[in-house]
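Reproduced below: final.txt, with compact mmCIF, C-alpha atoms (C1' of nucleotides).
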```
# COMPACT_ATOMS: atom_id res chain seq x y z
CA MET A 1209 3.67 -2.36 2.74
CA THR A 1210 2.49 -5.23 0.61
CA THR A 1211 -0.36 -6.65 2.64
CA ASN A 1212 -2.62 -4.94 5.12
CA LYS A 1213 -1.84 -6.35 8.54
CA LYS A 1214 -4.27 -4.23 10.50
CA THR A 1215 -7.01 -6.83 10.41
CA ALA A 1216 -4.69 -9.26 12.15
CA PHE A 1217 -5.39 -7.48 15.42
CA SER A 1218 -8.36 -7.62 17.74
CA ALA A 1219 -11.48 -5.63 16.94
CA GLU A 1220 -11.01 -3.62 20.11
CA ASP A 1221 -7.43 -2.72 19.24
CA GLN A 1222 -8.56 -1.69 15.78
CA GLU A 1223 -11.37 0.41 17.19
CA LEU A 1224 -9.11 2.27 19.58
CA ALA A 1225 -6.60 2.83 16.79
CA GLU A 1226 -9.34 4.24 14.56
CA LEU A 1227 -10.45 6.69 17.21
CA ALA A 1228 -6.86 7.74 17.85
CA LYS A 1229 -6.25 8.16 14.15
CA ALA A 1230 -9.10 10.64 13.94
CA LEU A 1231 -7.31 12.72 16.59
CA ALA A 1232 -3.92 12.27 14.99
CA HIS A 1233 -3.79 15.53 13.08
CA PRO A 1234 -3.58 19.02 14.59
CA ALA A 1235 -6.20 20.30 12.15
CA ARG A 1236 -8.70 17.77 13.44
CA VAL A 1237 -7.80 18.55 17.04
CA ALA A 1238 -8.39 22.23 16.27
CA ILE A 1239 -11.70 21.47 14.57
CA LEU A 1240 -12.87 19.44 17.56
CA LYS A 1241 -11.86 22.23 19.93
CA GLU A 1242 -13.83 24.73 17.88
CA LEU A 1243 -16.87 22.49 17.85
CA ALA A 1244 -16.52 21.96 21.60
CA ALA A 1245 -16.32 25.68 22.29
CA ARG A 1246 -19.19 27.10 20.25
CA ARG A 1247 -22.92 26.51 20.11
CA SER A 1248 -23.23 27.12 16.44
CA CYS A 1249 -20.96 24.93 14.35
CA ILE A 1250 -21.41 25.83 10.72
CA CYS A 1251 -18.76 24.46 8.40
CA GLY A 1252 -17.92 27.89 7.03
CA GLU A 1253 -17.13 29.20 10.47
CA ILE A 1254 -14.64 26.41 11.00
CA VAL A 1255 -13.04 27.14 7.64
CA GLU A 1256 -12.61 30.80 8.64
CA VAL A 1257 -10.73 29.87 11.78
CA LEU A 1258 -8.39 27.29 10.27
CA PRO A 1259 -5.38 27.95 8.04
CA LEU A 1260 -6.60 25.48 5.44
CA ALA A 1261 -8.59 25.51 2.24
CA GLN A 1262 -12.31 24.80 2.39
CA SER A 1263 -11.96 21.49 0.59
CA THR A 1264 -9.29 20.34 3.02
CA VAL A 1265 -11.40 21.22 6.03
CA SER A 1266 -14.29 19.36 4.46
CA GLN A 1267 -12.12 16.26 4.16
CA HIS A 1268 -11.05 16.45 7.79
CA LEU A 1269 -14.69 16.80 8.82
CA LYS A 1270 -15.49 13.73 6.78
CA GLU A 1271 -12.84 11.73 8.61
CA LEU A 1272 -14.12 12.85 11.98
CA LEU A 1273 -17.60 11.79 10.89
CA LYS A 1274 -16.32 8.40 9.76
CA ALA A 1275 -14.71 7.82 13.13
CA GLY A 1276 -17.95 8.88 14.80
CA LEU A 1277 -16.37 11.65 16.83
CA ILE A 1278 -18.74 14.24 15.38
CA ARG A 1279 -22.21 14.33 13.89
CA GLY A 1280 -23.48 16.51 11.09
CA THR A 1281 -26.71 17.80 9.61
CA VAL A 1282 -27.54 19.83 6.52
CA GLU A 1283 -29.49 23.08 6.95
CA GLY A 1284 -30.23 24.71 3.65
CA THR A 1285 -26.96 25.48 1.96
CA LYS A 1286 -25.12 25.16 5.24
CA SER A 1287 -23.78 22.17 7.15
CA CYS A 1288 -23.75 21.96 10.89
CA TYR A 1289 -21.40 19.75 12.84
CA CYS A 1290 -21.02 19.03 16.51
CA ILE A 1291 -19.16 16.84 18.95
CA ASN A 1292 -20.52 13.36 19.58
CA GLN A 1293 -20.03 13.14 23.31
CA GLU A 1294 -20.90 9.45 23.49
CA ALA A 1295 -18.03 8.63 21.17
CA PHE A 1296 -15.65 10.65 23.30
CA SER A 1297 -16.86 8.89 26.40
CA LYS A 1298 -16.17 5.57 24.76
CA PHE A 1299 -12.72 6.76 23.75
CA SER A 1300 -12.00 7.86 27.32
CA ARG A 1301 -13.28 4.58 28.70
CA MET A 1302 -11.04 2.58 26.40
CA MET A 1303 -8.04 4.66 27.45
CA ASP A 1304 -8.90 4.23 31.12
CA GLU A 1305 -9.39 0.49 30.88
CA PHE A 1306 -6.14 0.36 29.06
CA LEU A 1307 -4.30 1.98 31.92
CA SER A 1308 -6.16 0.20 34.70
CA VAL A 1309 -4.47 -3.05 33.67
CA THR A 1310 -0.99 -1.58 33.88
CA ILE A 1311 1.39 -3.42 36.16
CA ASP A 1312 3.77 -1.27 38.13
CA ASN A 1313 6.90 -2.70 36.59
CA LYS A 1314 10.35 -1.36 37.20
CA CYS A 1315 12.40 -2.58 34.28
CA CYS A 1316 13.09 0.85 32.77
CA MET B 369 0.29 18.01 -0.05
CA THR B 370 2.93 20.47 -1.08
CA THR B 371 3.75 22.23 2.16
CA ASN B 372 3.56 21.02 5.71
CA LYS B 373 0.65 22.76 7.38
CA LYS B 374 0.95 21.07 10.73
CA THR B 375 3.12 23.79 12.22
CA ALA B 376 0.36 26.30 11.55
CA PHE B 377 -1.47 24.96 14.60
CA SER B 378 -0.89 25.55 18.28
CA ALA B 379 1.82 23.63 20.11
CA GLU B 380 -0.81 22.02 22.30
CA ASP B 381 -2.86 20.84 19.33
CA GLN B 382 0.28 19.45 17.76
CA GLU B 383 1.25 17.68 20.95
CA LEU B 384 -2.14 16.02 21.36
CA ALA B 385 -2.07 14.99 17.71
CA GLU B 386 1.38 13.45 18.16
CA LEU B 387 0.23 11.41 21.14
CA ALA B 388 -2.86 10.28 19.27
CA LYS B 389 -0.79 9.36 16.24
CA ALA B 390 1.29 7.02 18.37
CA LEU B 391 -1.91 5.19 19.30
CA ALA B 392 -3.25 5.27 15.76
CA HIS B 393 -2.21 1.78 14.72
CA PRO B 394 -3.57 -1.49 16.11
CA ALA B 395 -0.05 -2.93 16.32
CA ARG B 396 1.00 -0.12 18.63
CA VAL B 397 -2.14 -0.49 20.70
CA ALA B 398 -1.37 -4.20 21.02
CA ILE B 399 2.24 -3.47 21.98
CA LEU B 400 1.14 -1.04 24.65
CA LYS B 401 -1.35 -3.56 26.03
CA GLU B 402 1.37 -6.18 26.23
CA LEU B 403 3.70 -3.79 28.00
CA ALA B 404 0.91 -2.82 30.36
CA ALA B 405 0.13 -6.43 31.21
CA ARG B 406 3.53 -7.95 31.88
CA ARG B 407 6.39 -7.20 34.23
CA SER B 408 9.10 -8.25 31.89
CA CYS B 409 9.01 -6.42 28.58
CA ILE B 410 11.78 -7.73 26.38
CA CYS B 411 11.49 -6.81 22.74
CA GLY B 412 11.69 -10.43 21.61
CA GLU B 413 8.69 -11.36 23.72
CA ILE B 414 6.62 -8.67 22.06
CA VAL B 415 7.72 -9.88 18.64
CA GLU B 416 6.59 -13.42 19.53
CA VAL B 417 3.10 -12.23 20.37
CA LEU B 418 2.53 -9.97 17.38
CA PRO B 419 1.83 -11.08 13.79
CA LEU B 420 4.59 -8.88 12.44
CA ALA B 421 8.23 -9.18 11.49
CA GLN B 422 10.87 -8.26 14.06
CA SER B 423 11.98 -5.22 12.10
CA THR B 424 8.44 -3.93 11.89
CA VAL B 425 7.87 -4.32 15.63
CA SER B 426 11.15 -2.51 16.21
CA GLN B 427 9.92 0.40 14.12
CA HIS B 428 6.65 0.60 16.03
CA LEU B 429 8.57 0.59 19.30
CA LYS B 430 10.68 3.42 17.98
CA GLU B 431 7.60 5.49 17.24
CA LEU B 432 6.16 4.86 20.67
CA LEU B 433 9.50 5.97 22.13
CA LYS B 434 9.50 9.11 20.00
CA ALA B 435 6.06 10.03 21.24
CA GLY B 436 7.21 9.37 24.80
CA LEU B 437 4.54 6.79 25.53
CA ILE B 438 7.14 4.17 26.43
CA ARG B 439 10.69 4.11 27.74
CA GLY B 440 13.43 1.67 26.89
CA THR B 441 16.73 0.40 28.20
CA VAL B 442 19.35 -1.93 26.79
CA GLU B 443 20.34 -4.98 28.83
CA GLY B 444 23.09 -6.91 27.14
CA THR B 445 21.82 -8.05 23.78
CA LYS B 446 18.25 -7.49 24.85
CA SER B 447 16.08 -4.40 24.96
CA CYS B 448 13.52 -3.75 27.62
CA TYR B 449 10.57 -1.44 27.14
CA CYS B 450 7.82 -0.28 29.43
CA ILE B 451 4.89 2.09 29.64
CA ASN B 452 5.61 5.68 30.56
CA GLN B 453 2.73 6.33 32.88
CA GLU B 454 3.41 10.06 33.11
CA ALA B 455 2.93 10.42 29.38
CA PHE B 456 -0.36 8.56 29.56
CA SER B 457 -1.49 10.78 32.39
CA LYS B 458 -0.72 13.81 30.30
CA PHE B 459 -2.61 12.32 27.38
CA SER B 460 -5.63 11.65 29.59
CA ARG B 461 -5.47 15.15 31.03
CA MET B 462 -5.43 16.71 27.59
CA MET B 463 -8.44 14.63 26.59
CA ASP B 464 -10.30 15.57 29.74
CA GLU B 465 -9.58 19.26 29.42
CA PHE B 466 -10.71 19.00 25.87
CA LEU B 467 -14.10 17.64 26.87
CA SER B 468 -14.55 19.88 29.90
CA VAL B 469 -14.89 22.88 27.58
CA THR B 470 -17.64 21.27 25.55
CA ILE B 471 -20.81 23.28 25.35
CA ASP B 472 -24.02 21.29 25.41
CA ASN B 473 -25.12 22.39 21.97
CA LYS B 474 -28.15 21.05 20.20
CA CYS B 475 -27.55 21.71 16.54
CA CYS B 476 -27.19 18.08 15.50
C1' DC C 1086 38.58 -16.31 19.05
C1' DA C 1087 34.51 -18.11 16.53
C1' DT C 1088 29.67 -18.43 16.71
C1' DA C 1089 25.07 -17.48 18.16
C1' DT C 1090 21.60 -14.33 19.81
C1' DT C 1091 19.23 -10.11 19.93
C1' DT C 1092 17.82 -5.91 18.17
C1' DA C 1093 18.33 -1.53 15.40
C1' DT C 1094 18.81 0.36 11.02
C1' DC C 1095 18.85 0.57 5.92
C1' DG C 1096 16.81 0.17 1.49
C1' DT C 1097 12.81 -0.59 -0.99
C1' DA C 1098 7.96 -0.97 -2.39
C1' DA C 1099 3.10 -0.44 -1.68
C1' DT C 1100 -0.41 2.13 0.43
C1' DT C 1101 -2.37 5.91 2.82
C1' DT C 1102 -2.64 10.60 4.12
C1' DT C 1103 -2.58 15.41 3.23
C1' DG C 1104 -3.65 19.44 0.61
C1' DC C 1105 -5.43 22.18 -3.00
C1' DG C 1106 -7.95 23.90 -7.07
C1' DA C 1107 -11.72 22.94 -9.92
C1' DT C 1108 -16.12 21.51 -10.32
C1' DG C 1109 -20.78 20.01 -9.16
C1' DA C 1110 -25.02 20.03 -6.51
C1' DA C 1111 -28.19 22.13 -3.78
C1' DT C 1112 -30.48 25.85 -1.75
C1' DA C 1113 -31.16 30.91 -1.11
C1' DA C 1114 -31.60 35.49 -2.83
C1' DA C 1115 -32.41 39.03 -6.27
C1' DT D 199 -35.20 32.70 -13.63
C1' DT D 200 -30.70 34.22 -13.02
C1' DT D 201 -27.16 34.71 -9.71
C1' DA D 202 -24.88 33.97 -5.41
C1' DT D 203 -23.67 31.14 -1.47
C1' DT D 204 -22.29 27.04 0.74
C1' DC D 205 -20.32 22.80 0.90
C1' DA D 206 -18.98 18.00 -0.85
C1' DT D 207 -16.48 15.52 -4.09
C1' DC D 208 -13.08 14.60 -7.79
C1' DG D 209 -8.53 14.43 -9.56
C1' DC D 210 -4.05 15.14 -8.87
C1' DA D 211 0.65 15.60 -6.62
C1' DA D 212 3.63 15.40 -2.67
C1' DA D 213 4.69 13.41 1.56
C1' DA D 214 4.25 10.12 5.23
C1' DT D 215 3.26 5.51 6.88
C1' DT D 216 3.59 0.59 6.85
C1' DA D 217 5.94 -3.67 6.10
C1' DC D 218 9.59 -6.66 5.11
C1' DG D 219 14.15 -8.78 4.15
C1' DA D 220 18.88 -8.00 4.54
C1' DT D 221 22.35 -6.48 7.15
C1' DA D 222 24.99 -4.33 10.83
C1' DA D 223 26.24 -3.81 15.64
C1' DA D 224 26.67 -5.35 20.05
C1' DT D 225 26.88 -8.65 23.49
C1' DA D 226 26.84 -13.45 25.10
C1' DT D 227 28.36 -18.25 24.65
C1' DG D 228 31.16 -22.12 23.31
```
Reformat the file's structure so that it appears as structure tokens.
Amino acid sequence: MTTNKKTAFSAEDQELAELAKALAHPARVAILKELAARRSCICGEIVEVLPLAQSTVSQHLKELLKAGLIRGTVEGTKSCYCINQEAFSKFSRMMDEFLSVTIDNKCC
Amino acid sequence: MTTNKKTAFSAEDQELAELAKALAHPARVAILKELAARRSCICGEIVEVLPLAQSTVSQHLKELLKAGLIRGTVEGTKSCYCINQEAFSKFSRMMDEFLSVTIDNKCC
DNA sequence: CATATTTATCGTAATTTTGCGATGAATAAA
DNA sequence: TTTATTCATCGCAAAATTACGATAAATATG
């Protein structure tokens, strides 16, 4: 890749791609499932459950934050993360709208 | 990265990540939107619409095929692709199930 | 048969992602 | 105040992704 072509696409396409990218690693899927399933969501608890080093988990959390799929707050020496349901709703909506346009074609 | 850690996660997490990865590039989002919107879906027509070289589009199509999000058939010298609606349904279902488990936590 | 069209694949280069250990920064605990 | 805990960030290395031109393979056309 010489030049970055991603900006040549529509803002909406880029946004959907960004959201999908945040989901595009099993570690991040697993993190999101953990956050979805528990009330408390301390970083250290996530690290315990995953087969990854603490620094790696921290990076994945950072990416999920960047995409807006989770939110985080600091509490003393601990960090608490949780699902951002609005972002997931938006994601779902974009997927739905995507499919609602689909023509029932028969070529394949 | 020295070793591949992806297989350390559940098959379901890996599967969702694979589907998301296929959506994780604006070019592939744009391709899918084109396929969704038109009856005919010849490769060359997609190439005309996208700001990418033919070989690059072909690669993106290959990835979408691999993930199962589209299907393709050869017709003479042309190739026809279209959305695989079953795969999208599965994707949507996995997303929904994902969210349905979410606890209404308040930590952030 | 010779040529054109269409698309997949190969080879290559640049960039991004992934993963970890080490370290730093901040708060808590002794 | 010293020490421990928790987590983010840095720096590095390996791997994967992205993009393109060139080319091959297959069919269609003259």
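Near (21.9, -11.4, 25.3), the residues that fall inside 7 Å on the basis of all atoms listed in the file are B:Gly444, B:Thr445, B:Lys446, C:DT1090, C:DT1091, D:DT225, D:DA226.
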Those selected residues, please, written with C-alpha atoms (C1' of nucleotides) and delivered as a PDB file, in the coordinates of the input.
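Saved to out33.pdb:
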```
ATOM      1  CA  GLY B 444      23.090  -6.910  27.140  1.00  0.00           C
ATOM      2  CA  THR B 445      21.820  -8.050  23.780  1.00  0.00           C
ATOM      3  CA  LYS B 446      18.250  -7.490  24.850  1.00  0.00           C
TER       4      LYS B 446
ATOM      5  C1'  DT C1090      21.600 -14.330  19.810  1.00  0.00           C
ATOM      6  C1'  DT C1091      19.230 -10.110  19.930  1.00  0.00           C
TER       7       DT C1091
ATOM      8  C1'  DT D 225      26.880  -8.650  23.490  1.00  0.00           C
ATOM      9  C1'  DA D 226      26.840 -13.450  25.100  1.00  0.00           C
TER      10       DA D 226
END
```
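If you look at CA of Leu432 in chain B and CA of Ile451 in chain B, they are 9.5 Å away from each other.
Minimum atom-to-atom distance to DA1107 in chain C, evaluated using only C-alpha atoms (C1' of nucleotides), belongs to A:Ser1263 out of A:Ser1263, A:Ser1300, A:Ser1287, A:Thr1281.
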Give me, as JSON lines, each residue of chain D that comes within 9 Å of chain B, together with its shortest interatomic pair and the distance in Å at one decimal, counting only C-alpha atoms (C1' of nucleotides), with rows ordered by chain and rising residue number.
```
{"residue": "D:DA211", "atom": "C1'", "partner": "B:Met369", "partner_atom": "CA", "distance": 7.0}
{"residue": "D:DA212", "atom": "C1'", "partner": "B:Met369", "partner_atom": "CA", "distance": 5.0}
{"residue": "D:DA213", "atom": "C1'", "partner": "B:Met369", "partner_atom": "CA", "distance": 6.6}
{"residue": "D:DT216", "atom": "C1'", "partner": "B:Thr424", "partner_atom": "CA", "distance": 8.3}
{"residue": "D:DA217", "atom": "C1'", "partner": "B:Thr424", "partner_atom": "CA", "distance": 6.3}
{"residue": "D:DC218", "atom": "C1'", "partner": "B:Ala421", "partner_atom": "CA", "distance": 7.0}
{"residue": "D:DG219", "atom": "C1'", "partner": "B:Ser423", "partner_atom": "CA", "distance": 9.0}
{"residue": "D:DA224", "atom": "C1'", "partner": "B:Thr445", "partner_atom": "CA", "distance": 6.7}
{"residue": "D:DT225", "atom": "C1'", "partner": "B:Thr445", "partner_atom": "CA", "distance": 5.1}
{"residue": "D:DA226", "atom": "C1'", "partner": "B:Thr445", "partner_atom": "CA", "distance": 7.5}
```
Considering only C-alpha atoms (C1' of nucleotides), tabulate each residue of chain C that lies at most 8 Å from chain A along with its nearest interatomic pair and the corresponding distance in Å to one decimal; arrange the rows by chain and ascending residue number and present them as JSON lines.
```
{"residue": "C:DA1098", "atom": "C1'", "partner": "A:Met1209", "partner_atom": "CA", "distance": 6.8}
{"residue": "C:DA1099", "atom": "C1'", "partner": "A:Met1209", "partner_atom": "CA", "distance": 4.9}
{"residue": "C:DT1100", "atom": "C1'", "partner": "A:Met1209", "partner_atom": "CA", "distance": 6.5}
{"residue": "C:DG1104", "atom": "C1'", "partner": "A:Thr1264", "partner_atom": "CA", "distance": 6.2}
{"residue": "C:DC1105", "atom": "C1'", "partner": "A:Ala1261", "partner_atom": "CA", "distance": 7.0}
{"residue": "C:DA1111", "atom": "C1'", "partner": "A:Thr1285", "partner_atom": "CA", "distance": 6.8}
{"residue": "C:DT1112", "atom": "C1'", "partner": "A:Thr1285", "partner_atom": "CA", "distance": 5.1}
{"residue": "C:DA1113", "atom": "C1'", "partner": "A:Thr1285", "partner_atom": "CA", "distance": 7.5}
```
Atoms kept (C-alpha atoms (C1' of nucleotides)) for selection, written as a PDB file, keeping the file's coordinate frame:
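Saved file selection31.pdb follows:
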```
ATOM      1  C1'  DA C1098       7.960  -0.970  -2.390  1.00  0.00           C
ATOM      2  C1'  DA C1099       3.100  -0.440  -1.680  1.00  0.00           C
ATOM      3  C1'  DT C1100      -0.410   2.130   0.430  1.00  0.00           C
ATOM      4  C1'  DG C1104      -3.650  19.440   0.610  1.00  0.00           C
ATOM      5  C1'  DC C1105      -5.430  22.180  -3.000  1.00  0.00           C
ATOM      6  C1'  DA C1111     -28.190  22.130  -3.780  1.00  0.00           C
ATOM      7  C1'  DT C1112     -30.480  25.850  -1.750  1.00  0.00           C
ATOM      8  C1'  DA C1113     -31.160  30.910  -1.110  1.00  0.00           C
TER       9       DA C1113
END
```
Return as a PyMOL selection string the residues belonging to chain B that are within 6 Å of chain A, counting only C-alpha atoms. chain B and resi 381-382+385+388-389+391-394+397+404-405+407+440-441+470-471+473+476
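The interatomic distance for the pair C1' of DT221 in chain D and CA of Leu429 in chain B works out to 19.7 Å.
Pairwise distance (CA of Val415 in chain B, C1' of DT1092 in chain C) equals 10.9 Å.
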At a cut-off of 12 Å, using only C-alpha atoms (C1' of nucleotides), what residues contact DT201 in chain D? Leave out same-chain residues fewer than 2 positions from it and give the result as a PyMOL selection string. (chain C and resi 1113-1115) or (chain D and resi 199+203)
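Taking all atoms listed in the file into account, the residues near (5.8, 15.3, 26.9), no farther than 8 Å, are Glu383, Ala435, Gly436, Ala455 and Lys458 of chain B.
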Among the residues C:DT1088, C:DT1103, C:DT1097, C:DT1108, the one that comes closest to DA220 in chain D [using all atoms listed in the file]: C:DT1097
Written coordinates, N, CA and C atoms (P, O5', C5', C4', C3', O3' and C1' of nucleotides) of range 203-222 of chain D as an mmCIF file, in the first residue's frame:
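For reference, result.cif as written:
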```
data_model
loop_
_atom_site.group_PDB
_atom_site.id
_atom_site.type_symbol
_atom_site.label_atom_id
_atom_site.label_comp_id
_atom_site.auth_asym_id
_atom_site.auth_seq_id
_atom_site.Cartn_x
_atom_site.Cartn_y
_atom_site.Cartn_z
ATOM 1 P P DT D 203 1.021 -6.666 46.113
ATOM 2 O "O5'" DT D 203 -0.011 -5.762 45.306
ATOM 3 C "C5'" DT D 203 -0.921 -4.956 46.031
ATOM 4 C "C4'" DT D 203 -1.771 -4.132 45.074
ATOM 5 C "C3'" DT D 203 -2.129 -4.823 43.759
ATOM 6 O "O3'" DT D 203 -3.517 -4.666 43.554
ATOM 7 C "C1'" DT D 203 -1.184 -2.693 43.341
ATOM 8 P P DT D 204 -4.315 -5.482 42.425
ATOM 9 O "O5'" DT D 204 -4.488 -4.380 41.299
ATOM 10 C "C5'" DT D 204 -5.077 -3.140 41.621
ATOM 11 C "C4'" DT D 204 -4.927 -2.192 40.460
ATOM 12 C "C3'" DT D 204 -5.121 -2.838 39.087
ATOM 13 O "O3'" DT D 204 -6.228 -2.216 38.466
ATOM 14 C "C1'" DT D 204 -3.215 -1.445 39.116
ATOM 15 P P DC D 205 -6.853 -2.804 37.122
ATOM 16 O "O5'" DC D 205 -6.123 -1.898 36.047
ATOM 17 C "C5'" DC D 205 -6.361 -0.480 36.077
ATOM 18 C "C4'" DC D 205 -5.333 0.221 35.246
ATOM 19 C "C3'" DC D 205 -5.316 -0.176 33.773
ATOM 20 O "O3'" DC D 205 -5.729 0.945 33.019
ATOM 21 C "C1'" DC D 205 -3.122 0.022 34.674
ATOM 22 P P DA D 206 -5.968 0.864 31.471
ATOM 23 O "O5'" DA D 206 -4.832 1.867 30.927
ATOM 24 C "C5'" DA D 206 -4.710 3.141 31.529
ATOM 25 C "C4'" DA D 206 -3.475 3.857 31.016
ATOM 26 C "C3'" DA D 206 -3.325 3.852 29.503
ATOM 27 O "O3'" DA D 206 -2.878 5.135 29.096
ATOM 28 C "C1'" DA D 206 -1.433 2.796 30.502
ATOM 29 P P DT D 207 -2.738 5.484 27.564
ATOM 30 O "O5'" DT D 207 -1.172 5.328 27.321
ATOM 31 C "C5'" DT D 207 -0.277 6.002 28.196
ATOM 32 C "C4'" DT D 207 1.154 5.601 27.878
ATOM 33 C "C3'" DT D 207 1.471 5.527 26.382
ATOM 34 O "O3'" DT D 207 2.655 6.272 26.169
ATOM 35 C "C1'" DT D 207 2.185 3.574 27.471
ATOM 36 P P DC D 208 3.153 6.612 24.688
ATOM 37 O "O5'" DC D 208 4.606 5.962 24.658
ATOM 38 C "C5'" DC D 208 5.386 5.937 25.864
ATOM 39 C "C4'" DC D 208 6.612 5.058 25.661
ATOM 40 C "C3'" DC D 208 7.097 4.968 24.226
ATOM 41 O "O3'" DC D 208 8.509 5.053 24.192
ATOM 42 C "C1'" DC D 208 6.619 2.793 25.052
ATOM 43 P P DG D 209 9.238 5.338 22.800
ATOM 44 O "O5'" DG D 209 9.948 3.929 22.527
ATOM 45 C "C5'" DG D 209 10.578 3.224 23.594
ATOM 46 C "C4'" DG D 209 10.969 1.842 23.114
ATOM 47 C "C3'" DG D 209 11.302 1.760 21.628
ATOM 48 O "O3'" DG D 209 12.442 0.940 21.457
ATOM 49 C "C1'" DG D 209 9.579 0.228 22.141
ATOM 50 P P DC D 210 13.178 0.878 20.037
ATOM 51 O "O5'" DC D 210 12.864 -0.619 19.601
ATOM 52 C "C5'" DC D 210 13.199 -1.687 20.485
ATOM 53 C "C4'" DC D 210 12.368 -2.904 20.161
ATOM 54 C "C3'" DC D 210 12.468 -3.403 18.725
ATOM 55 O "O3'" DC D 210 13.232 -4.593 18.717
ATOM 56 C "C1'" DC D 210 10.241 -3.522 19.581
ATOM 57 P P DA D 211 13.802 -5.156 17.342
ATOM 58 O "O5'" DA D 211 12.806 -6.348 17.000
ATOM 59 C "C5'" DA D 211 12.621 -7.406 17.932
ATOM 60 C "C4'" DA D 211 11.449 -8.253 17.495
ATOM 61 C "C3'" DA D 211 11.526 -8.705 16.028
ATOM 62 O "O3'" DA D 211 11.272 -10.091 15.985
ATOM 63 C "C1'" DA D 211 9.448 -7.653 16.479
ATOM 64 P P DA D 212 11.478 -10.923 14.653
ATOM 65 O "O5'" DA D 212 9.978 -11.370 14.348
ATOM 66 C "C5'" DA D 212 9.267 -12.066 15.354
ATOM 67 C "C4'" DA D 212 7.814 -12.130 14.949
ATOM 68 C "C3'" DA D 212 7.593 -12.685 13.539
ATOM 69 O "O3'" DA D 212 6.585 -13.669 13.634
ATOM 70 C "C1'" DA D 212 6.494 -10.594 13.797
ATOM 71 P P DA D 213 6.257 -14.576 12.381
ATOM 72 O "O5'" DA D 213 4.854 -13.982 11.916
ATOM 73 C "C5'" DA D 213 3.825 -13.859 12.876
ATOM 74 C "C4'" DA D 213 2.725 -12.989 12.320
ATOM 75 C "C3'" DA D 213 2.226 -13.418 10.932
ATOM 76 O "O3'" DA D 213 0.854 -13.692 11.084
ATOM 77 C "C1'" DA D 213 2.596 -11.063 11.044
ATOM 78 P P DA D 214 0.003 -14.282 9.870
ATOM 79 O "O5'" DA D 214 -0.904 -13.034 9.486
ATOM 80 C "C5'" DA D 214 -1.544 -12.300 10.511
ATOM 81 C "C4'" DA D 214 -2.140 -11.032 9.933
ATOM 82 C "C3'" DA D 214 -2.878 -11.232 8.613
ATOM 83 O "O3'" DA D 214 -4.144 -10.620 8.743
ATOM 84 C "C1'" DA D 214 -1.282 -9.488 8.416
ATOM 85 P P DT D 215 -5.215 -10.660 7.560
ATOM 86 O "O5'" DT D 215 -5.101 -9.176 6.998
ATOM 87 C "C5'" DT D 215 -5.096 -8.093 7.910
ATOM 88 C "C4'" DT D 215 -4.917 -6.782 7.169
ATOM 89 C "C3'" DT D 215 -5.756 -6.637 5.891
ATOM 90 O "O3'" DT D 215 -6.426 -5.391 5.996
ATOM 91 C "C1'" DT D 215 -3.486 -6.106 5.463
ATOM 92 P P DT D 216 -7.492 -4.907 4.916
ATOM 93 O "O5'" DT D 216 -6.625 -4.039 3.911
ATOM 94 C "C5'" DT D 216 -5.952 -2.902 4.389
ATOM 95 C "C4'" DT D 216 -5.170 -2.242 3.290
ATOM 96 C "C3'" DT D 216 -5.908 -2.123 1.952
ATOM 97 O "O3'" DT D 216 -5.911 -0.760 1.579
ATOM 98 C "C1'" DT D 216 -3.727 -2.998 1.647
ATOM 99 P P DA D 217 -6.795 -0.252 0.354
ATOM 100 O "O5'" DA D 217 -5.788 -0.332 -0.867
ATOM 101 C "C5'" DA D 217 -4.717 0.602 -0.921
ATOM 102 C "C4'" DA D 217 -3.789 0.247 -2.058
ATOM 103 C "C3'" DA D 217 -4.499 -0.039 -3.385
ATOM 104 O "O3'" DA D 217 -4.358 1.081 -4.237
ATOM 105 C "C1'" DA D 217 -2.670 -1.549 -2.944
ATOM 106 P P DC D 218 -4.974 1.112 -5.684
ATOM 107 O "O5'" DC D 218 -3.769 0.606 -6.571
ATOM 108 C "C5'" DC D 218 -2.506 1.249 -6.446
ATOM 109 C "C4'" DC D 218 -1.456 0.444 -7.172
ATOM 110 C "C3'" DC D 218 -1.872 0.078 -8.590
ATOM 111 O "O3'" DC D 218 -1.046 0.772 -9.508
ATOM 112 C "C1'" DC D 218 -0.913 -1.790 -7.425
ATOM 113 P P DG D 219 -1.475 0.892 -11.022
ATOM 114 O "O5'" DG D 219 -0.371 -0.041 -11.697
ATOM 115 C "C5'" DG D 219 0.990 0.167 -11.374
ATOM 116 C "C4'" DG D 219 1.824 -1.015 -11.828
ATOM 117 C "C3'" DG D 219 1.615 -1.423 -13.285
ATOM 118 O "O3'" DG D 219 2.880 -1.768 -13.844
ATOM 119 C "C1'" DG D 219 1.135 -3.260 -11.876
ATOM 120 P P DA D 220 3.010 -2.126 -15.382
ATOM 121 O "O5'" DA D 220 3.157 -3.712 -15.341
ATOM 122 C "C5'" DA D 220 4.124 -4.293 -14.469
ATOM 123 C "C4'" DA D 220 4.064 -5.803 -14.561
ATOM 124 C "C3'" DA D 220 3.824 -6.344 -15.973
ATOM 125 O "O3'" DA D 220 4.684 -7.447 -16.194
ATOM 126 C "C1'" DA D 220 2.155 -7.157 -14.510
ATOM 127 P P DT D 221 4.747 -8.155 -17.602
ATOM 128 O "O5'" DT D 221 3.906 -9.489 -17.339
ATOM 129 C "C5'" DT D 221 4.126 -10.205 -16.116
ATOM 130 C "C4'" DT D 221 3.031 -11.232 -15.929
ATOM 131 C "C3'" DT D 221 2.643 -11.980 -17.218
ATOM 132 O "O3'" DT D 221 2.675 -13.359 -16.942
ATOM 133 C "C1'" DT D 221 0.746 -11.252 -16.078
ATOM 134 P P DA D 222 2.730 -14.425 -18.108
ATOM 135 O "O5'" DA D 222 1.631 -15.473 -17.639
ATOM 136 C "C5'" DA D 222 1.530 -15.808 -16.251
ATOM 137 C "C4'" DA D 222 0.147 -16.331 -15.949
ATOM 138 C "C3'" DA D 222 -0.398 -17.298 -16.993
ATOM 139 O "O3'" DA D 222 -1.126 -18.308 -16.316
ATOM 140 C "C1'" DA D 222 -1.868 -15.478 -16.766
#
```
